[in-house]
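Structure file upload_30.csv (CSV, C-alpha atoms) is printed below.
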```csv
chain,number,residue,atom,x,y,z
A,1,MET,CA,-17.4,-34.2,17.0
A,2,LEU,CA,-18.4,-36.3,13.9
A,3,THR,CA,-19.8,-33.1,12.3
A,4,ARG,CA,-16.5,-31.3,12.8
A,5,LEU,CA,-14.5,-34.2,11.4
A,6,LEU,CA,-16.7,-34.5,8.3
A,7,THR,CA,-16.4,-30.7,7.8
A,8,ALA,CA,-12.6,-30.9,8.1
A,9,LEU,CA,-12.4,-33.7,5.6
A,10,PHE,CA,-14.6,-31.9,3.1
A,11,LEU,CA,-12.5,-28.7,3.4
A,12,LEU,CA,-9.4,-30.8,2.9
A,13,SER,CA,-10.8,-32.3,-0.3
A,14,VAL,CA,-11.7,-28.9,-1.7
A,15,THR,CA,-8.3,-27.5,-0.9
A,16,GLN,CA,-6.6,-30.5,-2.5
A,17,ALA,CA,-8.8,-30.1,-5.5
A,18,GLY,CA,-7.6,-26.5,-5.9
A,19,LEU,CA,-4.0,-27.6,-5.6
A,20,ALA,CA,-4.4,-30.5,-8.1
A,21,HIS,CA,-5.7,-28.3,-10.9
A,22,ALA,CA,-3.0,-25.7,-11.2
A,23,GLY,CA,-3.6,-25.4,-14.9
A,24,GLY,CA,-1.4,-23.8,-17.6
A,25,GLN,CA,2.3,-23.0,-17.6
A,26,ASN,CA,2.5,-20.1,-20.0
A,27,GLY,CA,0.4,-17.5,-18.2
A,28,PRO,CA,0.8,-15.8,-14.9
A,29,ARG,CA,1.2,-17.7,-11.6
A,30,VAL,CA,-1.9,-16.9,-9.5
A,31,LEU,CA,-3.0,-17.7,-6.0
A,32,MET,CA,-6.6,-17.2,-5.1
A,33,MET,CA,-7.8,-16.7,-1.5
A,34,GLY,CA,-11.2,-16.0,-0.2
A,35,ASP,CA,-14.7,-17.3,0.5
A,36,SER,CA,-17.7,-18.5,-1.6
A,37,LEU,CA,-17.5,-15.5,-3.9
A,38,PHE,CA,-14.6,-17.5,-5.5
A,39,ALA,CA,-15.4,-21.0,-4.2
A,40,MET,CA,-19.0,-21.2,-5.5
A,41,HIS,CA,-19.3,-23.8,-8.4
A,42,LYS,CA,-15.7,-25.0,-7.8
A,43,LEU,CA,-16.7,-28.7,-7.8
A,44,ALA,CA,-18.9,-28.1,-10.8
A,45,GLY,CA,-16.0,-26.6,-12.8
A,46,GLY,CA,-17.6,-23.1,-13.0
A,47,SER,CA,-15.9,-21.1,-10.3
A,48,VAL,CA,-14.2,-17.8,-10.7
A,49,GLY,CA,-10.8,-19.5,-10.4
A,50,THR,CA,-11.7,-22.1,-13.1
A,51,ARG,CA,-12.7,-19.4,-15.5
A,52,LEU,CA,-9.8,-17.2,-14.7
A,53,ARG,CA,-7.4,-20.1,-15.3
A,54,ALA,CA,-8.8,-20.6,-18.7
A,55,ALA,CA,-9.0,-16.8,-19.6
A,56,LEU,CA,-5.3,-16.2,-18.8
A,57,ASP,CA,-3.9,-19.8,-19.3
A,58,ALA,CA,-2.7,-19.2,-15.8
A,59,HIS,CA,-0.9,-21.5,-13.4
A,60,LEU,CA,-3.6,-21.0,-10.8
A,61,VAL,CA,-4.1,-22.4,-7.3
A,62,ASP,CA,-7.5,-21.7,-5.8
A,63,ASN,CA,-7.5,-22.0,-2.0
A,64,SER,CA,-10.8,-20.3,-1.5
A,65,VAL,CA,-13.3,-22.0,0.7
A,66,GLY,CA,-17.0,-21.4,1.1
A,67,GLY,CA,-17.9,-19.9,4.5
A,68,ALA,CA,-14.4,-18.7,5.1
A,69,ARG,CA,-13.7,-15.5,7.2
A,70,PHE,CA,-10.8,-13.2,7.9
A,71,LEU,CA,-11.7,-13.3,11.6
A,72,TYR,CA,-11.8,-17.0,12.4
A,73,ARG,CA,-10.3,-18.6,15.5
A,74,LEU,CA,-11.0,-22.4,15.4
A,75,PRO,CA,-7.6,-24.0,14.8
A,76,ILE,CA,-8.3,-27.1,12.8
A,77,SER,CA,-10.9,-26.0,10.3
A,78,GLY,CA,-9.2,-22.6,10.2
A,79,ALA,CA,-6.0,-24.3,9.1
A,80,LEU,CA,-7.9,-26.1,6.4
A,81,GLY,CA,-9.2,-22.8,4.9
A,82,LEU,CA,-12.0,-21.4,6.9
A,83,ASN,CA,-9.5,-18.8,8.1
A,84,ILE,CA,-8.7,-16.8,4.9
A,85,ALA,CA,-5.3,-15.8,6.2
A,86,LYS,CA,-4.3,-19.4,6.5
A,87,GLN,CA,-5.1,-20.1,2.9
A,88,TYR,CA,-1.9,-18.3,2.0
A,89,ARG,CA,1.0,-20.4,0.7
A,90,ARG,CA,4.4,-18.9,-0.1
A,91,GLY,CA,5.4,-19.4,-3.7
A,92,ASP,CA,6.6,-17.8,-6.9
A,93,TRP,CA,3.3,-16.0,-7.4
A,94,ASP,CA,2.9,-13.2,-9.9
A,95,TRP,CA,-0.5,-12.4,-8.5
A,96,VAL,CA,-2.4,-13.0,-5.3
A,97,VAL,CA,-6.1,-12.5,-5.8
A,98,LEU,CA,-7.9,-11.8,-2.4
A,99,GLY,CA,-11.6,-11.7,-1.7
A,100,GLY,CA,-13.8,-12.1,1.3
A,101,GLY,CA,-15.2,-10.2,4.2
A,102,GLY,CA,-18.9,-10.8,3.5
A,103,ASN,CA,-19.1,-13.7,6.1
A,104,ASP,CA,-17.4,-11.6,8.7
A,105,LEU,CA,-20.0,-8.8,8.3
A,106,TRP,CA,-23.1,-10.9,7.8
A,107,LEU,CA,-22.5,-13.9,10.0
A,108,GLY,CA,-20.1,-12.2,12.4
A,109,CYS,CA,-22.1,-9.1,13.3
A,110,GLY,CA,-25.3,-9.3,11.3
A,111,CYS,CA,-24.3,-6.2,9.2
A,112,ASN,CA,-25.2,-4.1,12.3
A,113,ARG,CA,-22.7,-2.3,14.6
A,114,CYS,CA,-19.8,-3.9,12.7
A,115,GLU,CA,-17.3,-1.2,13.4
A,116,ARG,CA,-15.0,-3.4,15.5
A,117,LYS,CA,-15.0,-6.3,13.1
A,118,MET,CA,-14.5,-3.9,10.2
A,119,ASP,CA,-11.5,-2.3,11.9
A,120,GLN,CA,-10.0,-5.8,12.7
A,121,MET,CA,-10.2,-6.6,9.0
A,122,ILE,CA,-9.0,-3.3,7.7
A,123,SER,CA,-8.7,0.1,9.4
A,124,GLU,CA,-10.3,3.2,8.0
A,125,ASP,CA,-7.0,4.4,6.5
A,126,GLY,CA,-6.3,1.0,5.0
A,127,ARG,CA,-3.1,0.6,6.9
A,128,ARG,CA,-3.9,-1.9,9.7
A,129,GLY,CA,-5.8,-5.1,10.1
A,130,VAL,CA,-5.8,-8.7,8.7
A,131,ILE,CA,-6.3,-7.7,5.1
A,132,PRO,CA,-3.4,-5.1,5.0
A,133,GLY,CA,-1.2,-7.7,6.8
A,134,LEU,CA,-2.0,-10.3,4.1
A,135,ALA,CA,-1.3,-7.8,1.3
A,136,SER,CA,2.0,-6.9,2.9
A,137,ARG,CA,3.0,-10.5,3.2
A,138,ALA,CA,2.2,-11.2,-0.4
A,139,ARG,CA,4.0,-8.1,-1.6
A,140,HIS,CA,7.1,-9.0,0.5
A,141,ASP,CA,7.1,-12.4,-1.3
A,142,GLY,CA,7.2,-10.6,-4.7
A,143,ALA,CA,3.5,-10.9,-5.8
A,144,GLN,CA,1.2,-8.2,-7.0
A,145,VAL,CA,-2.1,-8.2,-5.0
A,146,LEU,CA,-5.6,-7.8,-6.4
A,147,LEU,CA,-8.3,-7.0,-3.8
A,148,VAL,CA,-11.7,-7.9,-5.1
A,149,GLY,CA,-14.6,-5.9,-3.7
A,150,TYR,CA,-18.0,-6.7,-2.3
A,151,MET,CA,-20.5,-8.2,-4.7
A,152,ARG,CA,-23.8,-6.2,-4.5
A,153,THR,CA,-27.2,-7.9,-4.3
A,154,PRO,CA,-29.7,-7.6,-7.2
A,155,GLY,CA,-31.8,-5.3,-5.0
A,156,ASN,CA,-34.7,-7.8,-5.0
A,157,GLY,CA,-35.4,-9.8,-1.9
A,158,SER,CA,-31.9,-10.8,-0.9
A,159,PRO,CA,-31.3,-11.8,2.7
A,160,ILE,CA,-28.3,-9.6,2.8
A,161,GLU,CA,-29.9,-6.5,1.3
A,162,HIS,CA,-29.2,-4.6,4.5
A,163,CYS,CA,-25.5,-5.2,4.2
A,164,ALA,CA,-25.1,-2.6,1.4
A,165,ASP,CA,-23.7,0.2,3.6
A,166,GLU,CA,-21.1,-2.2,5.1
A,167,GLY,CA,-20.1,-3.4,1.6
A,168,ASP,CA,-19.6,0.3,0.6
A,169,MET,CA,-17.4,0.9,3.6
A,170,LEU,CA,-15.3,-2.2,3.0
A,171,ASP,CA,-14.8,-1.2,-0.6
A,172,ALA,CA,-13.7,2.3,0.4
A,173,ARG,CA,-11.1,0.9,2.8
A,174,LEU,CA,-9.8,-1.6,0.3
A,175,ALA,CA,-9.4,1.2,-2.3
A,176,ARG,CA,-7.4,3.2,0.3
A,177,LEU,CA,-5.1,0.3,0.9
A,178,ALA,CA,-4.6,-0.1,-2.9
A,179,GLY,CA,-3.7,3.6,-3.0
A,180,LEU,CA,-0.8,3.1,-0.6
A,181,ASP,CA,1.2,0.7,-2.9
A,182,GLY,CA,1.5,0.6,-6.7
A,183,GLY,CA,1.6,-3.2,-6.5
A,184,VAL,CA,-1.8,-3.5,-4.8
A,185,HIS,CA,-4.9,-3.1,-6.9
A,186,PHE,CA,-8.6,-2.8,-6.1
A,187,LEU,CA,-11.3,-4.2,-8.3
A,188,SER,CA,-14.8,-3.0,-7.6
A,189,LEU,CA,-17.8,-5.2,-8.3
A,190,ALA,CA,-20.3,-2.5,-7.3
A,191,ASP,CA,-21.6,-1.9,-10.9
A,192,MET,CA,-21.5,-5.5,-12.0
A,193,VAL,CA,-25.1,-6.5,-11.2
A,194,PRO,CA,-27.9,-4.4,-12.8
A,195,HIS,CA,-30.7,-3.5,-10.3
A,196,GLY,CA,-33.3,-6.2,-10.4
A,197,ASP,CA,-31.3,-8.6,-12.6
A,198,LEU,CA,-31.4,-12.0,-10.8
A,199,SER,CA,-29.2,-13.8,-13.4
A,200,TYR,CA,-25.9,-12.9,-11.7
A,201,HIS,CA,-26.9,-14.7,-8.4
A,202,ALA,CA,-27.7,-18.2,-7.4
A,203,MET,CA,-31.2,-19.0,-6.1
A,204,ASP,CA,-30.3,-17.7,-2.6
A,205,ARG,CA,-29.6,-14.2,-4.1
A,206,ILE,CA,-26.3,-14.1,-2.1
A,207,HIS,CA,-23.8,-16.2,-4.0
A,208,PRO,CA,-22.8,-15.7,-7.7
A,209,SER,CA,-24.5,-17.8,-10.3
A,210,PHE,CA,-22.4,-19.4,-13.1
A,211,LYS,CA,-22.9,-16.2,-15.0
A,212,GLY,CA,-21.9,-14.2,-12.0
A,213,SER,CA,-18.7,-16.2,-11.5
A,214,ARG,CA,-17.9,-15.8,-15.2
A,215,ALA,CA,-18.4,-12.0,-15.0
A,216,ILE,CA,-16.1,-11.7,-12.0
A,217,ALA,CA,-13.4,-13.8,-13.7
A,218,HIS,CA,-13.6,-11.6,-16.8
A,219,ARG,CA,-13.1,-8.5,-14.7
A,220,ILE,CA,-10.1,-10.0,-12.9
A,221,ALA,CA,-8.6,-11.2,-16.2
A,222,ARG,CA,-8.9,-7.8,-17.8
A,223,LEU,CA,-7.2,-6.1,-14.9
A,224,ILE,CA,-4.4,-8.6,-14.7
A,225,ALA,CA,-3.9,-8.3,-18.4
A,226,ALA,CA,-3.8,-4.6,-18.3
A,227,GLU,CA,-1.4,-4.4,-15.5
A,228,SER,CA,1.0,-7.1,-16.5
A,229,GLY,CA,0.6,-7.5,-20.2
A,230,ALA,CA,-0.7,-11.1,-19.9
A,231,PRO,CA,-2.9,-11.8,-22.8
A,232,VAL,CA,-6.5,-12.9,-22.3
A,233,VAL,CA,-6.3,-16.1,-24.3
A,234,SER,CA,-9.9,-17.3,-23.8
A,235,ARG,CA,-12.8,-14.8,-23.6
A,236,GLY,CA,-15.2,-17.7,-22.9
A,237,ALA,CA,-13.2,-18.2,-19.6
A,238,GLY,CA,-14.0,-21.9,-19.6
A,239,GLY,CA,-16.2,-23.9,-17.3
A,240,ALA,CA,-19.8,-24.8,-17.2
A,241,ASP,CA,-22.5,-22.2,-17.9
```
Kindly return the structure encoded in the file as structure tokens.
Amino acid sequence: MLTRLLTALFLLSVTQAGLAHAGGQNGPRVLMMGDSLFAMHKLAGGSVGTRLRAALDAHLVDNSVGGARFLYRLPISGALGLNIAKQYRRGDWDWVVLGGGGNDLWLGCGCNRCERKMDQMISEDGRRGVIPGLASRARHDGAQVLLVGYMRTPGNGSPIEHCADEGDMLDARLARLAGLDGGVHFLSLADMVPHGDLSYHAMDRIHPSFKGSRAIAHRIARLIAAESGAPVVSRGAGGAD
């Protein structure tokens, strides 16, 4: 019970930190949702959201939480962000940037016989599941949606090396979803990490390093700028290195 309480309090503090640092007023209004792909380095000031906020001078709220899943059923910790769907907040967003799925595949089914969980997240045709539902909700509220794909391992001793096929499948389904609506966009990270290059990952070879987070932010910033005309005001993308 104490462990659950401490976890809930920690998640609440991280969520409040994201809300408290909304950032600039001149750039686009952005809501970020997802797992540790975005949340990594948040407290150190080097997360994807921190760098994206600086790159676009965005009014950005980052509700991502490490360990979050799309398929998460515990009510209290889920409401505090471990359920990615519950990270959504209605608002005057220009963009909703959505990542995640890795924890569902690795922790949820061990990247083995994951067809059922994959279908629950997003069907083969991209039309059904938790992710299309979230995209539809954000689109209904007036935002464009950016689906960020699966970050590949460096191909050198990662504990999730065997998840590559599932990552490819998830990306393909996200791309199909994006093809159904001109206001939904897919950003692939498949070519971001050169084979054998460990510099884009943290020591665990799962999560992004500071460099990796910066590279992801740059890609997101370029796509948003291209689609909406928002200038990239800081190519350094802020934050610690």
(message) What does the structure give for the distance between atom CA of A:Ala190 and atom CA of A:Gly46, in Å to one decimal?
(response) 21.5 Å
(message) Using all atoms listed in the file for the distances, tell me which of A:Val65, A:Cys114, A:Phe38, A:Arg51 is nearest to A:Ser77.
(response)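 Result for the nearest residue to A:Ser77: A:Val65.
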Write out as a tab-separated table the residues of stretch 118-189 of chain A that have any atom within 12 Å of an atom of stretch 201-210 of chain A, one row each with the nearest atom pair and its distance in Å to one decimal, counting only C-alpha atoms, sorted by chain and then rising number.
```
residue	atom	partner	partner_atom	distance
A:Tyr150	CA	A:Ile206	CA	11.1
A:Met151	CA	A:Pro208	CA	8.4
A:Arg152	CA	A:Ile206	CA	8.6
A:Thr153	CA	A:Ile206	CA	6.6
A:Pro154	CA	A:Arg205	CA	7.3
A:Gly155	CA	A:Arg205	CA	9.2
A:Asn156	CA	A:Arg205	CA	8.2
A:Gly157	CA	A:Arg205	CA	7.6
A:Ser158	CA	A:Arg205	CA	5.2
A:Pro159	CA	A:Ile206	CA	7.3
A:Ile160	CA	A:Ile206	CA	6.9
A:Glu161	CA	A:Ile206	CA	9.1
A:His162	CA	A:Ile206	CA	11.9
A:Cys163	CA	A:Ile206	CA	10.9
A:Leu189	CA	A:Pro208	CA	11.6
```
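The closest residue to A:Leu174, picked from A:Leu37, A:Leu71, A:Val30, A:Leu146 and counting all atoms listed in the file, is A:Leu146.
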(message) Measuring between all atoms listed in the file, which one of A:Ala138, A:Met33, A:Leu105, A:Met118 shows the shortest distance to A:Gln87?
(response)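 Looking only at the distances to A:Gln87, the closest residue turns out to be A:Met33.
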(request) Can you work out the spacing between atom CA of A:Ala85 and atom CA of A:Asn63 in Å, to one decimal? (result)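 Going from atom CA of A:Ala85 over to atom CA of A:Asn63, I get 10.5 Å.
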(request) Counting all atoms listed in the file, figure out which residue out of A:Leu60, A:Val48, A:Ala68, A:Leu98 gets nearest to A:Pro28. (result) A:Leu60
(request) Between A:Leu74, A:Leu198, A:Ala215, A:Val148, single out the one closest to A:Phe186, counting only C-alpha atoms. (result)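 The closest residue to A:Phe186 is A:Val148.
Ranking A:Leu43, A:Leu52, A:Val130, A:Leu107 by their shortest atom-to-atom distance to A:Asn83, with all atoms listed in the file included, puts A:Val130 first.
Computed from the coordinates, the atom CA of A:Asn112 to atom CA of A:Ala172 distance equals 17.7 Å.
All protein, DNA and RNA residues at most 9 Å from (4.7, -17.2, -3.1) are Leu31, Tyr88, Arg89, Arg90, Gly91, Asp92, Trp93, Asp94, Trp95, Val96, Ala138, Asp141, Gly142 and Ala143 of chain A, using all atoms listed in the file.
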